[in-house]
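J.: Next comes the structure file query.txt, holding compact mmCIF, C-alpha atoms.
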# COMPACT_ATOMS: atom_id res chain seq x y z
CA ILE A 1 -18.81 1.63 199.65
CA PRO A 2 -16.80 4.89 199.79
CA ASN A 3 -13.92 3.21 201.66
CA PHE A 4 -13.88 0.28 199.27
CA VAL A 5 -14.00 2.51 196.20
CA LYS A 6 -11.24 4.70 197.63
CA ASN A 7 -8.91 1.73 198.08
CA LEU A 8 -9.81 0.42 194.64
CA SER A 9 -9.07 3.80 193.07
CA ARG A 10 -5.62 3.88 194.66
CA SER A 11 -4.79 0.68 192.82
CA GLY A 12 -5.26 2.50 189.54
CA ARG A 13 -8.18 0.40 188.33
CA GLU A 14 -11.03 1.99 186.39
CA LEU A 15 -14.32 2.10 188.31
CA PRO A 16 -17.51 0.82 186.65
CA ALA A 17 -19.98 3.41 185.37
CA MET A 18 -22.65 2.42 187.91
CA THR A 19 -20.23 2.88 190.81
CA LYS A 20 -19.12 6.27 189.52
CA LEU A 21 -22.75 7.37 189.21
CA VAL A 22 -23.67 6.33 192.76
CA MET A 23 -20.54 7.90 194.22
CA SER A 24 -21.04 11.16 192.35
CA VAL A 25 -24.67 11.40 193.47
CA SER A 26 -23.67 10.63 197.05
CA ALA A 27 -20.89 13.24 197.02
CA HIS A 28 -23.22 15.83 195.51
CA LEU A 29 -25.91 15.26 198.15
CA VAL A 30 -23.38 15.33 200.98
CA GLN A 31 -21.92 18.61 199.74
CA TYR A 32 -25.13 20.45 198.80
CA TRP A 33 -27.74 18.86 201.08
CA HIS A 34 -28.43 22.19 202.86
CA TRP A 35 -29.36 23.85 199.56
CA TYR A 36 -31.84 21.07 198.81
CA LEU A 37 -33.30 21.49 202.29
CA ILE A 38 -33.68 25.24 201.76
CA ALA A 39 -35.27 24.62 198.36
CA LEU A 40 -37.79 22.18 199.87
CA VAL A 41 -38.71 24.65 202.62
CA LEU A 42 -39.16 27.47 200.09
CA LEU A 43 -41.20 25.20 197.85
CA PHE A 44 -43.44 24.22 200.76
CA ILE A 45 -43.96 27.86 201.79
CA SER A 46 -44.66 28.92 198.20
CA ALA A 47 -47.19 26.11 197.78
CA ARG A 48 -48.98 27.08 200.99
CA LEU A 49 -49.17 30.73 199.93
CA ALA A 50 -50.36 29.81 196.43
CA LEU A 51 -53.08 27.50 197.76
CA LYS A 52 -54.60 30.42 199.66
CA LYS A 53 -55.77 31.81 196.34
CA ASP A 54 -59.13 30.42 195.27
CA ARG A 55 -58.13 29.96 191.64
CA VAL A 56 -54.97 27.99 192.48
CA ARG A 57 -56.74 25.90 195.12
CA TYR A 58 -59.55 25.12 192.69
CA SER A 59 -57.10 24.02 189.97
CA PHE A 60 -55.14 21.90 192.44
CA ASP A 61 -58.25 20.19 193.82
CA LEU A 62 -59.56 19.60 190.30
CA LEU A 63 -56.24 18.00 189.39
CA LYS A 64 -56.47 15.69 192.40
CA LEU A 65 -59.91 14.54 191.30
CA GLN A 66 -58.58 13.72 187.82
CA LEU A 67 -55.65 11.58 188.94
CA PRO A 68 -55.76 8.15 187.24
CA LEU A 69 -55.48 6.01 190.38
CA PHE A 70 -56.41 8.12 193.40
CA GLY A 71 -58.80 10.58 191.72
CA PRO A 72 -61.93 8.42 192.15
CA LEU A 73 -61.01 7.86 195.80
CA PHE A 74 -60.71 11.62 196.44
CA GLN A 75 -64.02 12.17 194.67
CA LYS A 76 -65.87 9.54 196.71
CA ALA A 77 -64.35 10.79 199.97
CA ALA A 78 -65.42 14.38 199.23
CA LEU A 79 -68.94 13.26 198.32
CA ALA A 80 -69.21 11.21 201.50
CA ARG A 81 -67.92 14.08 203.65
CA CYS A 82 -70.17 16.79 202.26
CA SER A 83 -73.24 14.49 202.16
CA ARG A 84 -72.75 13.41 205.76
CA THR A 85 -72.30 17.03 206.86
CA VAL A 86 -75.45 18.18 205.06
CA ALA A 87 -77.49 15.26 206.38
CA THR A 88 -76.35 15.77 209.97
CA LEU A 89 -77.03 19.50 209.94
CA LEU A 90 -80.44 19.12 208.32
CA GLN A 91 -81.42 16.51 210.87
CA SER A 92 -80.33 18.95 213.59
CA ALA A 93 -82.78 21.57 212.24
CA VAL A 94 -80.03 23.95 211.13
CA PRO A 95 -81.27 26.52 208.55
CA THR A 96 -80.73 25.19 205.05
CA LEU A 97 -78.71 28.16 203.82
CA GLN A 98 -76.36 27.82 206.77
CA VAL A 99 -76.12 24.07 206.17
CA PHE A 100 -74.60 24.49 202.72
CA THR A 101 -72.32 27.26 203.93
CA VAL A 102 -70.90 24.99 206.63
CA ALA A 103 -70.66 22.03 204.25
CA ALA A 104 -68.72 24.12 201.73
CA ASN A 105 -66.23 25.09 204.45
CA VAL A 106 -65.60 21.55 205.71
CA VAL A 107 -65.67 19.53 202.49
CA GLY A 108 -61.92 20.07 201.98
CA ASN A 109 -62.14 20.40 198.19
CA GLU A 110 -62.69 23.71 196.41
CA VAL A 111 -64.44 22.06 193.45
CA TYR A 112 -67.19 20.67 195.66
CA ALA A 113 -67.15 23.78 197.85
CA ARG A 114 -68.03 25.95 194.85
CA ALA A 115 -70.84 23.58 193.89
CA LEU A 116 -72.25 23.69 197.41
CA ARG A 117 -72.09 27.49 197.44
CA GLY A 118 -73.88 27.45 194.10
CA ALA A 119 -76.60 25.25 195.61
CA ARG A 120 -76.90 27.70 198.51
CA ASP A 121 -77.24 30.66 196.15
CA SER A 122 -79.77 28.76 194.04
CA LEU A 123 -81.81 28.03 197.14
CA ARG A 124 -81.60 31.66 198.24
CA GLU A 125 -83.05 32.70 194.85
CA GLY A 126 -85.94 30.27 195.28
CA SER A 127 -84.65 27.66 192.84
CA LEU A 128 -83.79 23.98 193.34
CA ILE A 129 -80.59 22.72 194.95
CA SER A 130 -80.13 20.02 192.34
CA VAL A 131 -79.87 22.51 189.45
CA PRO A 132 -76.31 23.78 190.13
CA LEU A 133 -75.22 20.30 191.20
CA ARG A 134 -76.19 18.92 187.78
CA GLN A 135 -73.93 21.51 186.14
CA GLU A 136 -70.91 20.22 188.07
CA LYS A 137 -69.38 17.17 186.39
CA MET A 138 -67.92 15.89 189.64
CA PHE A 139 -71.40 15.12 190.98
CA PRO A 140 -72.53 11.76 189.54
CA PRO A 141 -76.09 11.46 188.21
CA LEU A 142 -76.93 9.21 191.15
CA VAL A 143 -76.28 12.06 193.58
CA THR A 144 -78.18 14.72 191.65
CA GLN A 145 -81.16 12.42 191.09
CA MET A 146 -81.37 11.51 194.77
CA VAL A 147 -81.11 15.18 195.75
CA ALA A 148 -83.91 16.02 193.30
CA ILE A 149 -86.07 13.25 194.78
CA GLY A 150 -85.34 14.55 198.28
CA GLU A 151 -86.46 18.03 197.27
CA GLN A 152 -89.66 16.73 195.74
CA THR A 153 -90.57 14.51 198.69
CA GLY A 154 -89.35 16.84 201.45
CA GLN A 155 -86.86 14.24 202.67
CA LEU A 156 -83.64 15.96 201.69
CA ASP A 157 -81.86 14.98 204.92
CA ARG A 158 -82.72 11.33 204.41
CA MET A 159 -81.45 11.33 200.83
CA PHE A 160 -78.16 12.98 201.78
CA SER A 161 -77.79 10.41 204.55
CA LYS A 162 -78.25 7.57 202.05
CA ILE A 163 -75.72 9.19 199.71
CA ALA A 164 -73.23 9.43 202.58
CA ASP A 165 -73.79 5.78 203.54
CA PHE A 166 -73.24 4.67 199.95
CA TYR A 167 -70.03 6.60 199.38
CA GLU A 168 -68.56 5.85 202.80
CA ALA A 169 -68.91 2.15 202.03
CA ASP A 170 -67.56 2.76 198.53
CA VAL A 171 -64.49 4.53 199.94
CA GLU A 172 -63.71 1.55 202.16
CA THR A 173 -64.07 -0.79 199.19
CA THR A 174 -61.84 1.38 197.00
CA VAL A 175 -59.15 1.57 199.69
CA ASP A 176 -59.22 -2.21 200.05
CA LYS A 177 -58.72 -2.52 196.29
CA LEU A 178 -55.89 0.02 196.15
CA ARG A 179 -53.92 -1.42 199.07
CA PRO A 180 -52.84 -4.61 197.22
CA MET A 181 -51.75 -2.44 194.28
CA ILE A 182 -49.75 0.06 196.35
CA GLU A 183 -47.70 -2.48 198.29
CA PRO A 184 -46.13 -4.18 195.22
CA LEU A 185 -45.43 -0.76 193.70
CA MET A 186 -43.58 0.38 196.81
CA ILE A 187 -41.63 -2.89 196.94
CA LEU A 188 -40.70 -2.45 193.28
CA ILE A 189 -39.41 1.09 193.83
CA LEU A 190 -37.40 0.05 196.90
CA SER A 191 -36.03 -2.95 195.01
CA VAL A 192 -34.77 -0.72 192.21
CA VAL A 193 -33.06 1.66 194.65
CA VAL A 194 -31.45 -1.14 196.65
CA GLY A 195 -30.51 -2.97 193.46
CA VAL A 196 -28.66 0.06 192.11
CA ILE A 197 -26.71 0.45 195.36
CA ILE A 198 -25.83 -3.24 195.51
CA THR A 199 -24.76 -3.20 191.87
CA ALA A 200 -22.53 -0.22 192.56
CA ALA A 201 -20.93 -2.12 195.45
CA ILE A 202 -20.49 -5.46 193.69
CA ALA A 203 -19.41 -4.20 190.26
CA PRO A 204 -15.91 -3.11 191.43
CA ILE A 205 -15.37 -6.52 193.03
CA PHE A 206 -16.07 -8.28 189.73
CA GLU A 207 -13.82 -5.81 187.96
CA MET A 208 -11.03 -6.60 190.43
CA TYR A 209 -11.49 -10.36 190.03
CA ARG A 210 -11.50 -10.01 186.28
CA SER A 211 -8.31 -7.96 186.41
CA VAL A 212 -6.60 -10.50 188.69
CA LYS A 213 -7.68 -13.36 186.44
CA ASN A 214 -6.32 -11.65 183.36
Can you give me the file's structure in the form of structure tokens?
T.:
Amino acid sequence: IPNFVKNLSRSGRELPAMTKLVMSVSAHLVQYWHWYLIALVLLFISARLALKKDRVRYSFDLLKLQLPLFGPLFQKAALARCSRTVATLLQSAVPTLQVFTVAANVVGNEVYARALRGARDSLREGSLISVPLRQEKMFPPLVTQMVAIGEQTGQLDRMFSKIADFYEADVETTVDKLRPMIEPLMILILSVVVGVIITAAIAPIFEMYRSVKN
């Protein structure tokens, strides 16, 4: 495209607006690509440093859970992960307080980590685990009710295992539903990008033919 546009410009013909736009963007990226690379590196480092703060990490994880398309998937994955961890540790006769400490560290989401720490503190004070979980909106009623039943029947490990089984299967189902939606979206985005480039390449040819015809 640059060689063709260069030869067309020498003939004195006016380039189409789309071709000018693509060429100007290309020239800008070629000239200032290193600044964009530096900016991306600085942005990545700044994000990593900011996420080390509990408040920022909590806000970021809460935002992920509220995304319109992937939020429910992140929520189900976090519930499956923490439930499986708690169930496995309880079945291994690990002390309950230590179980929720470990689960909070491996859940990978600060929103659920805080809720698990709250359950640990509630248990340390002699209260029920399900009480702080009910106060967290990201725990569905199904989870809190099953946890409460597990506390009442003394089968907390079994209930967490059932919760993990349910959400692990739900995650697989959700991924299978999202995959057919993601592929057309990616094809659409790529089609727009390629279409703009092709239009920028073909438009000068039509302009030249039109000029010759006139």
J.: Of the candidates A:Ala87, A:Val30, A:Val111, A:Ile149, which shows the shortest atom-to-atom distance to Gln135 of chain A, using only C-alpha atoms?
T.: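 Of the candidates, the smallest distance to Gln135 of chain A is held by A:Val111.
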J.: Would you mind telling me which residue in A:Val196, A:Leu79, A:Leu97, A:Ile202 lies nearest to Ile163 of chain A when using only C-alpha atoms?
T.: A:Leu79
J.: Find the residue from A:Asp157, A:Ala148, A:Glu183, A:Asp170 that sits nearest to Val94 of chain A; use all atoms listed in the file when measuring.
T.: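 Going through A:Asp157, A:Ala148, A:Glu183, A:Asp170 one by one, the smallest distance to Val94 of chain A is for A:Asp157.
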J.: So, with all atoms listed in the file as the atoms that count, which of A:Val171, A:Ala17, A:Val41, A:Ala27 lies closest to Ala78 of chain A?
T.: A:Val171
J.: In Å, how far is it from atom CA of Ile198 of chain A to atom CA of Ser26 of chain A?
T.: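 Between these atoms lies a distance of 14.1 Å.
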J.: Which residue is closest to Leu89 of chain A? Choose from A:Arg48, A:Arg179, A:Arg158, A:Arg210 and count only C-alpha atoms.
T.: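 For Leu89 of chain A, the nearest of the given residues is A:Arg158.
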J.: To one decimal place in Å, what is the distance between atom CA of Pro72 of chain A and atom CA of Ala103 of chain A?
T.: 20.2 Å
J.: Hey, can you check how far atom CA of Ala119 of chain A sits from atom CA of Pro132 of chain A?
T.: 5.7 Å
J.: Find the residue from A:Pro16, A:Leu123, A:Gln145, A:Glu110 that sits nearest to Arg55 of chain A; use all atoms listed in the file when measuring.
T.: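 The closest residue to Arg55 of chain A is A:Glu110.
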J.: Neighbouring residues of Phe166 of chain A were defined as those with any atom within 10 Å, considering only C-alpha atoms; residues of the same chain fewer than 6 positions away were excluded. Please report them as a list of chain:residue names.
T.: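 Result of the neighbour search: A:Lys76, A:Leu79, A:Ala80, A:Phe160.
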J.: Could you pull the residues within 7 Å of Leu15 of chain A, counting only C-alpha atoms, minus those fewer than 3 positions along the same chain, as a ChimeraX atom specification?
T.: /A:19-20,204
J.: Using the selection just defined, write its residues with C-alpha atoms as a PDB file, in the frame of the given file.
T.:
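Output (part24.pdb):
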ATOM      1  CA  THR A  19     -20.230   2.880 190.810  1.00  0.00           C
ATOM      2  CA  LYS A  20     -19.120   6.270 189.520  1.00  0.00           C
ATOM      3  CA  PRO A 204     -15.910  -3.110 191.430  1.00  0.00           C
TER       4      PRO A 204
END
J.: Would you pick out the contacts of segment 65-69 of chain A at 12 Å or less, using only C-alpha atoms, so that residues sharing its chain but fewer than 6 positions from it are not included, and give the list as a ChimeraX atom specification?
T.: /A:58-59,75-79,109-112,137-139,174-175,177-179,181-182
J.: Please provide as a list in words all residues within 10 Å of Ala47 of chain A, with the sequence filter that same-chain residues fewer than 5 positions apart are discarded (counting only C-alpha atoms).
T.: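 Residues near the query, excluding close chain neighbours: Val41, Leu42, Lys52, Val56 and Arg57 of chain A.
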